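Worksheet: one structure, shown below.
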Amino acid sequence: MDPTQLIPATDPISVPWMWFEGLDLVTFVAHLLFMNVMFGGSIIALLSLRAQKRGGVSPVPEELSARLPTLLALTVNLGVAPLLFIQVLYGHFLYTSTILMAVFWLSVILLVILAYYLLYIYDFKYRALEGRRGLILGLSVALLFCVSFIFSNAMTMMIVPATWTAYFGNAQGTLLNLSDPTLIPRYLHFVLAALAVGGLFIAFLGYGKIRNGNDGEALLTSGLRWFTHATLAQFVIGTWFLLSLKRDVLLAFMGNNVMETAVFLGSLAVSLVALYAGFTRRVVLAVGATVATVFLMAVMRAMLRMEYLAPYFHPSNLELHPQYGPLWLFGIVLGVGLVLVVYMLKLYLRANKGA
Amino acid sequence: MEYPIWQLTTLAGGFWIAFIAVVHVYVAHFAVGGGLFLVLTEHKAVREDSPAILAYLQKHTLFFLLLSMVFGGLTGVGIWFSIALISPQATSMLIHTFVFGWATEWVCFLGEIIALLVYFYAFARMARRDHMIVGWLYFIFAWLSLFFITGIIDFMLAPGKWLETGNFWDGFFNPVFWPSVTLRTFLAFTFAGLFGFVTAIRIPDATARLSMVRSCSLWTALPFVFVLAAGWWYVHSFPPYAYEMVMFKIQKLGFFVPSFLVLGAVIMLGGLFMAFKMPAAVTKPTAYVLLVIGLCYMGCFEFSREAARKPYIINGYMYSNSILPSQTAAINARGVLRTAKWVTNKAVTKENEVDAGREIFQLECASCHSIGGPLNDILPKTLKFSVFGMDSELNGQGKLVRYMPPFVGTVNERWALARYIVDDLHSGNTHLEDGPAQTPQNLPAVVPKKENDDYVLLAWNNLGMHCISDSDPFWILLPPANDLIAQLIKRGDGPEIITSGVEITYAVESGFENPAGQVTFWDHAQSLFELEKPLPVNVGVSGNKVMGIMKPTPGGEAFEASLVPVVPYPDDGSFNPYPLFTVTAKDSATGKVLATTRCVAPTSTEMGCKNCHGGTWRVAGVAGFTGETSADVLAVHDRINKTTLLADARAGKPWLCQSCHRDPVLGAKGKEGVISFPAAIHGWHANYLTGRDENVCYRCHPAKNTGSTGCLRGVHTGVGLTCIKCHGTLEDHALSLLKYEKNRGIVSAEKLMQGLDSRVVASKEAINPRDAWVNEPDCLNCHVAFEKPVARDVSGFNTWTAGVAELFRVRTDDMGVRCEACHGSTHANYPATNIYGKNRDNIPPLQYQGNSLPIGSNRHCGVCHTQPMSDEGHHPNMTGMFRNARLISKEEMK
């Protein structure tokens with residue numbers, strides 16, 4: 001069956017597609033950063049708990065315990081926006097891939113709720129849990145591993161319509177995209193990124209403590225170690241991921257497409273800067289370079305999606321029925337909302353200082 | 001049509017959406033009202049200088065955060081996930097139309113989270129004033145979330161001007177928007193109180209506990225009045241059809257709407273009850289019970305709201321199964337399988353019929369119907385259908401009862417879907433099988449010998465195709481009754497119709513003398529006909545029995561026994577719809593027998609209500625009503641028309657349909673403003689049986705000669721004409737009757753006409769109205785001047801007799817002889833062919849002229865005339881020869 005025949009029709013958009021691509025990119029980067037910190041931080045906390053059991057001393061598990069639920073709350077919230085904007089441009093691909101794996105996709109809700117409550121238990125009952133901390137946090141991390149794997153499946157399946165014909169053998173919503181060569185390297189790429197950024201966050205916490213005259217050295221050292229080691233490993237996994245791509249897509253990033261190649265090289269360069277900063281304990285630089293890397297990687301991810309879908313679709317194909325009023329509404333509410341968020345955070349910081 | 005379908009069975013029908021939505025919406029409203037509760041309770045604590053209340057509030061905030069932010073937040077995303085899985089096309093449309101509405105709501109969600117996290121984590125540390133500002137900000141963000149979501153949700157119920165403009169603001173500020181925001185805001189306050197109870201009852205300090213519980217009482221009870229007012233406003237802002245659905249139409253809403261009001265009152269009273277000082281053993285369970293009632297309350301609201309927009313998911317724009325009304329004509333032409341992208345069967349063939357039906361079920365039905373699951377289970381709803389019945393139900397779906405979308409697709413696809421449901425899901429609905437069926441016997445038609453050469457006695461029945469419904473304990477549409485009529489002619493040079501000095505008797509053949517032993521009519525006749533005293537057993541409604549003396553007709557030219565209570569069940573338990581009557585003429589003075597003849601009085605219970613209403617044949621596997629069929633007819637009537645007929649019947653009060661529905665055949669006047677019975681029964685069912693041929697008539701009438709009655713047995717059938725030639729197709733026939741009703745101001749007639757199109761005439765407008773049993777197709781429409789029709793394709797339809805006097809069954813020729821005396825009764829005109837013995841209907845002509853032709857045809861003037869005749873005395877073309885010689889033997893032509 002010709003997969004082209006399966007691609008659903010699109011609905012018209014109200015402002016030019018670049019708006020949605022841009023909004024998707026910005027909000028996705030924010031989501032990625034929080035997700036990486038939360039997910040990577042959880043894994044590191046769990047592994048540090050294991051190290052503690054073997055006699056090691058790490059402040060990481062307790063230091064993160066109070067932060068993980070909040071980070072998850074923000075990860076979820078910041079995930080909503082890019083999921084919204086991507087649906088505007090690529091909904092007909094995304095809905096299709098998620099329907100094919102509906103059981104897993106819908107289970108994400110339950111898995112995240114459970115992971116969320118487990119993180120709260122880990123936080124509020126940290127002391128009471130004692131030996132069972134690893135179990136609670138481990139369960140939560142396991143659930144998050146499942147969630148991220150489901151997301152990787154959905155996002156890879158949506159860009160390869162050729163895989164969709166599997167539906168005719170299984171319409172029960174229990175398909176996965178396991179035969180896709182990019183799935184595993186892509187998944188590992190994201191997990192490693194989470195470890196790196198999670199590590200960097202821990203280092204940044206240590207850095208903050210040191211600046212405030214407290215003892216943050218252990219956090220800083222441990223965090224940077226995770227950051228640098230994960231980033232180094234990323235060069236291997238990232239290469240695997242790159243080589244697993246469809247040949248013409250790979251070549252687009254290897255010189256066939258100037259823009260895409262430039263972004264790729266740029267992201268490599270800033271990641272090297274981040275790595276250098278990590279090894280030389282320049283935390284702020286590492287953070288800056290990492291945010292830049294994440295941003296460029298997100299751009300690459302969007303380009304990769306376009307490359308894969310090029311035979312079938314480009315967002316510029318979407319019919320435009322212009323209406324800008326609602327965009328203004330969003331812009332104004334976003335502006336006012338962010339001002340109020342900053343205001344509330346200021347009140348919070350002032351309260352903390354007061355205390 | 002565009003997306004793959006997540007093929008669920010038990011948990012299809014929107015289960016996941018409903019399940020996630022109801023719990024989410026409950027918590028989400030709590031997240032709004034509870035926000036105001038937080039900050040106002042903080043004010044209260046400060047005002048009353050109560051550390052105990054403040055301590056309580058801090059704990060309540062944690063509870064609030066864990067419930068609203070974690071569970072509420074994630075289930076909100078869950079609704080989004082689930083609608084995109086189950087209705088991706090509608091989701092895509094909503095996302096694209098309102099993307100910046102959703103995005104704005106997301107900003108509010110972000111503000112809510114930040115505010116709540118700050119409020120909770122800084123509870124003990126922050127300056128009280130700052131803390132309360134954050135609390136207020138939380139409430140504002142949360143309420144704005146409600147505001148923005150409401151615009152999009154209620155757009156689905158009432159898109160308003162958006163349908164024409166496609167403008168975001170027209171859709172967002174739809175007609176239901178403001179009342180909905182108001183209603184939801186007050187609901188949110190109620191829920192703040194309900195959830196408040198759960199934590200307030202745990203306050204250790206007794207004074208603070210009582211104070212907080214009473215505060216929650218106020219939160220719970222006070223908004224109820226406003227909920228009622230806003231609810232009234234809300235419902236009255238609905239689009240007209242949705243309003244009708246909620247207030248009057250949907251049976252399901254008959255449960256949810258009143259339950260919503262009752263549960264609201266229960267919550268208010270429960271909330272007030274909690275204000276009493278009571279031991280924890282009472283308050284704790286009460287608080288939890290109230291919390292659960294609150295969930296049901298919200299559930300009733302959500303189900304009512306969703307049901308109100310049926311059959312649409314986006315009112316007026318997209319059906320529940322994501323098909324656009326604007327696409328239906330194209331899909332009907334092209335086929336749903338060819339239109340849908342994600343199917344394997346692209347066309348229906350004999351081999352793939354059931355599997356194609358399964359795919360169509362997924363495309364058109366599964367978004368609302370589960371298979372054996374908790375939501376809208378298709379199985380009990382279709383248990384009564386044969387494949388034909390299911391197909392017909394689909395045929396009429398969405399036309400008269402509009403809470404389901406119409407079936408879209410070709411006739412073959414509709415049949416495939418019906419087959420899947422009946423033959424696959426129900427394994428053929430074997431409980432509907434009739435068992436071994438009696439086959440029509442070749443019964444002897446004994447022709448009486450002529451008593452003498454002086455008299456000719458011609459007898460016939462007046463209802464050549466006649467049904468009765470032996471559904472007596474539930475309802476009937478006609479009592480056991482057929483009319484027998486006779487004319488006695490004294491032979492001579494100038495034959496004379498004898499109208500006095502004679503006594504004409506009639507008697508049914510052996511085995512049929514005791515109809516009361518076969519049907520329960522006489523147990524219910526008093527109720528059915530609203531008689532002052534019970535009808536004597538075996539006596540018909542006009543006082544005649546199955547044997548007796550005929551009376552002169554009003555015109556005096558003939559004798560008749562009207563409404564003879566004959567039934568098609570002889571004592572031996574078989575089915576015989578053609579009981580023979582012996583008619584005898586005697587000299588009144590001497591008692592001498594002048595002439596004897598025989599004729600049938602057809603009476604059949606082969607009425608196919610069971611084809612769609614469930615049940616089986618009651619008698620001999622071929623005819624009769626079971627209670628199951630009869631009851632379902634009433635249940636459907638009750639559901640559609642809000643009557644109580646089934647309950648009445650069960651309480652011993654069955655009704656005659658014509659008690660309300662006017663019907664000329666019974667002289668029933670019916671009730672003022674109610675549609676006539678023939679128009680109602682044909683008009684309603686025609687909507688479910690469009691595009692068919694004459695075979696569809698046979699589904700209800702006992703006409704088909706391969707059935708158990710074969711009432712259509714006259715000469716016209718013999719030459720290959722069908723019902724349609726005279727009556728039009730079912731649609732034409734129904735429209736002619738409906739038009740008459742419409743003209744006399746019957747509103748429902750117009751509704752029944754909407755889904756029907758004329759077929760044998762050019763347009764609906766061209767159809768001439770007619771009153772049933774009065775304005776009938778005239779024989780002379782085709783037989784102009786009594787001649788052979790000019791062409792084979794002439795139609796008898798659409799020119800009607802002006803009144804009863806012109807009807808074939810009462811008309812006479814120029815000499816006063818009834819048309820039926822010589823030609824036989826309607827639908828059995830000589831030469832008739834009866835499946836219960838070829839000549840069962842032809843006894844009089846066989847008796848008097850030795851053939852089965854109309855009396856006097858082929859110049860058999862000598863039947864009555866003792867002198868040869870050359871003039872065409874009775875009607876023009878009287879001396880012409882019988883044209884369809886192939887219908888009879890050569891002997892008969894002589």
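Just so we're on the same page: first chain in the structure tokens is A, next is B, and so on; residues restart at 1 for each chain, and ligands are numbered from 1 in the order they show up.
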
Chain A contacts on chain B, only C-alpha atoms, 6 Å, as a PyMOL selection string: chain B and resi 2-3+6-7+78+85+96+100+104+107+125-126+341

Output file for the residues above (N, CA, C and O atoms, as an mmCIF file, in the first residue's frame):
data_model
loop_
_atom_site.group_PDB
_atom_site.id
_atom_site.type_symbol
_atom_site.label_atom_id
_atom_site.label_comp_id
_atom_site.auth_asym_id
_atom_site.auth_seq_id
_atom_site.Cartn_x
_atom_site.Cartn_y
_atom_site.Cartn_z
ATOM 1 N N GLU B 2 -10.218 10.298 7.569
ATOM 2 C CA GLU B 2 -8.823 10.626 7.266
ATOM 3 C C GLU B 2 -7.833 9.814 8.093
ATOM 4 O O GLU B 2 -6.709 9.590 7.664
ATOM 5 N N TYR B 3 -8.235 9.423 9.286
ATOM 6 C CA TYR B 3 -7.279 8.845 10.232
ATOM 7 C C TYR B 3 -7.511 7.362 10.472
ATOM 8 O O TYR B 3 -8.618 6.860 10.274
ATOM 9 N N TRP B 6 -8.353 3.669 16.272
ATOM 10 C CA TRP B 6 -7.914 2.806 17.370
ATOM 11 C C TRP B 6 -9.066 1.856 17.644
ATOM 12 O O TRP B 6 -10.080 2.267 18.191
ATOM 13 N N GLN B 7 -8.919 0.604 17.224
ATOM 14 C CA GLN B 7 -10.073 -0.289 17.239
ATOM 15 C C GLN B 7 -10.266 -0.929 18.596
ATOM 16 O O GLN B 7 -9.638 -1.917 18.954
ATOM 17 N N GLY B 78 -4.545 14.514 29.582
ATOM 18 C CA GLY B 78 -5.140 13.214 29.225
ATOM 19 C C GLY B 78 -6.357 13.363 28.332
ATOM 20 O O GLY B 78 -6.547 12.577 27.408
ATOM 21 N N LEU B 85 -6.873 10.762 20.074
ATOM 22 C CA LEU B 85 -6.834 9.349 19.672
ATOM 23 C C LEU B 85 -8.171 8.899 19.115
ATOM 24 O O LEU B 85 -8.240 8.092 18.200
ATOM 25 N N HIS B 96 -6.579 23.752 15.288
ATOM 26 C CA HIS B 96 -6.248 24.736 14.258
ATOM 27 C C HIS B 96 -7.071 26.010 14.394
ATOM 28 O O HIS B 96 -6.576 27.106 14.167
ATOM 29 N N PHE B 100 -4.467 29.736 19.300
ATOM 30 C CA PHE B 100 -3.999 30.781 20.218
ATOM 31 C C PHE B 100 -4.910 30.897 21.449
ATOM 32 O O PHE B 100 -4.508 31.460 22.458
ATOM 33 N N THR B 104 -3.131 30.602 24.899
ATOM 34 C CA THR B 104 -3.386 31.562 25.965
ATOM 35 C C THR B 104 -3.751 30.827 27.252
ATOM 36 O O THR B 104 -3.307 31.193 28.345
ATOM 37 N N VAL B 107 -0.718 29.661 28.961
ATOM 38 C CA VAL B 107 -0.039 30.690 29.758
ATOM 39 C C VAL B 107 -0.681 30.756 31.155
ATOM 40 O O VAL B 107 0.018 30.852 32.177
ATOM 41 N N ARG B 125 6.898 31.271 55.127
ATOM 42 C CA ARG B 125 7.996 32.245 55.117
ATOM 43 C C ARG B 125 7.577 33.609 54.617
ATOM 44 O O ARG B 125 8.166 34.612 54.973
ATOM 45 N N MET B 126 6.615 33.652 53.749
ATOM 46 C CA MET B 126 6.317 34.882 53.028
ATOM 47 C C MET B 126 5.489 35.832 53.882
ATOM 48 O O MET B 126 4.684 35.388 54.716
ATOM 49 N N LYS B 341 -9.481 6.639 4.262
ATOM 50 C CA LYS B 341 -8.097 6.335 3.872
ATOM 51 C C LYS B 341 -7.574 5.048 4.500
ATOM 52 O O LYS B 341 -6.723 4.394 3.939
#

Long-range neighbours of segment 585-591 of chain B as a PyMOL selection string, 9 Å cut-off, only C-alpha atoms, 6 positions minimum in chain: chain B and resi 457+488+500-506+597

Same residues, C-alpha atoms, saved as a tab-separated table (two decimals), in the first residue's frame:
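Okay, selection-v5.tsv is ready:
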chain	number	residue	atom	x	y	z
B	457	LEU	CA	-75.99	-14.92	-6.44
B	488	LEU	CA	-78.84	-11.42	-6.04
B	500	SER	CA	-86.29	-7.40	-1.03
B	501	GLY	CA	-88.31	-10.47	-0.22
B	502	VAL	CA	-85.19	-12.52	0.24
B	503	GLU	CA	-82.97	-13.45	3.14
B	504	ILE	CA	-79.28	-13.74	2.46
B	505	THR	CA	-77.31	-15.73	5.00
B	506	TYR	CA	-73.60	-16.37	5.33
B	597	THR	CA	-72.40	-19.40	-3.68

Selection near Thr801 of chain B, 9 Å with only C-alpha atoms, sequence-local residues under 5 positions removed, as a list in words: Arg770, Val774, Asn775, Glu776, Pro777, Asp778, Glu806 and Leu807 of chain B

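Note that the spacing between atom CA of Val761 of chain B and atom CA of Ala734 of chain B amounts to 13.1 Å.
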
DSSP alpha helix (DSSP H) selection over segment 192-420 of chain B, as a ChimeraX atom specification: /B:192-200,206-221,223-236,240-244,253-273,280-308,328-334,336-339,353-364,378-382,387-396,411-419

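For the set A:Pro61, A:Pro322, A:Pro181, A:Pro315, the residue with the smallest atom-to-atom gap to Met18 of chain A is A:Pro315, counting only C-alpha atoms.
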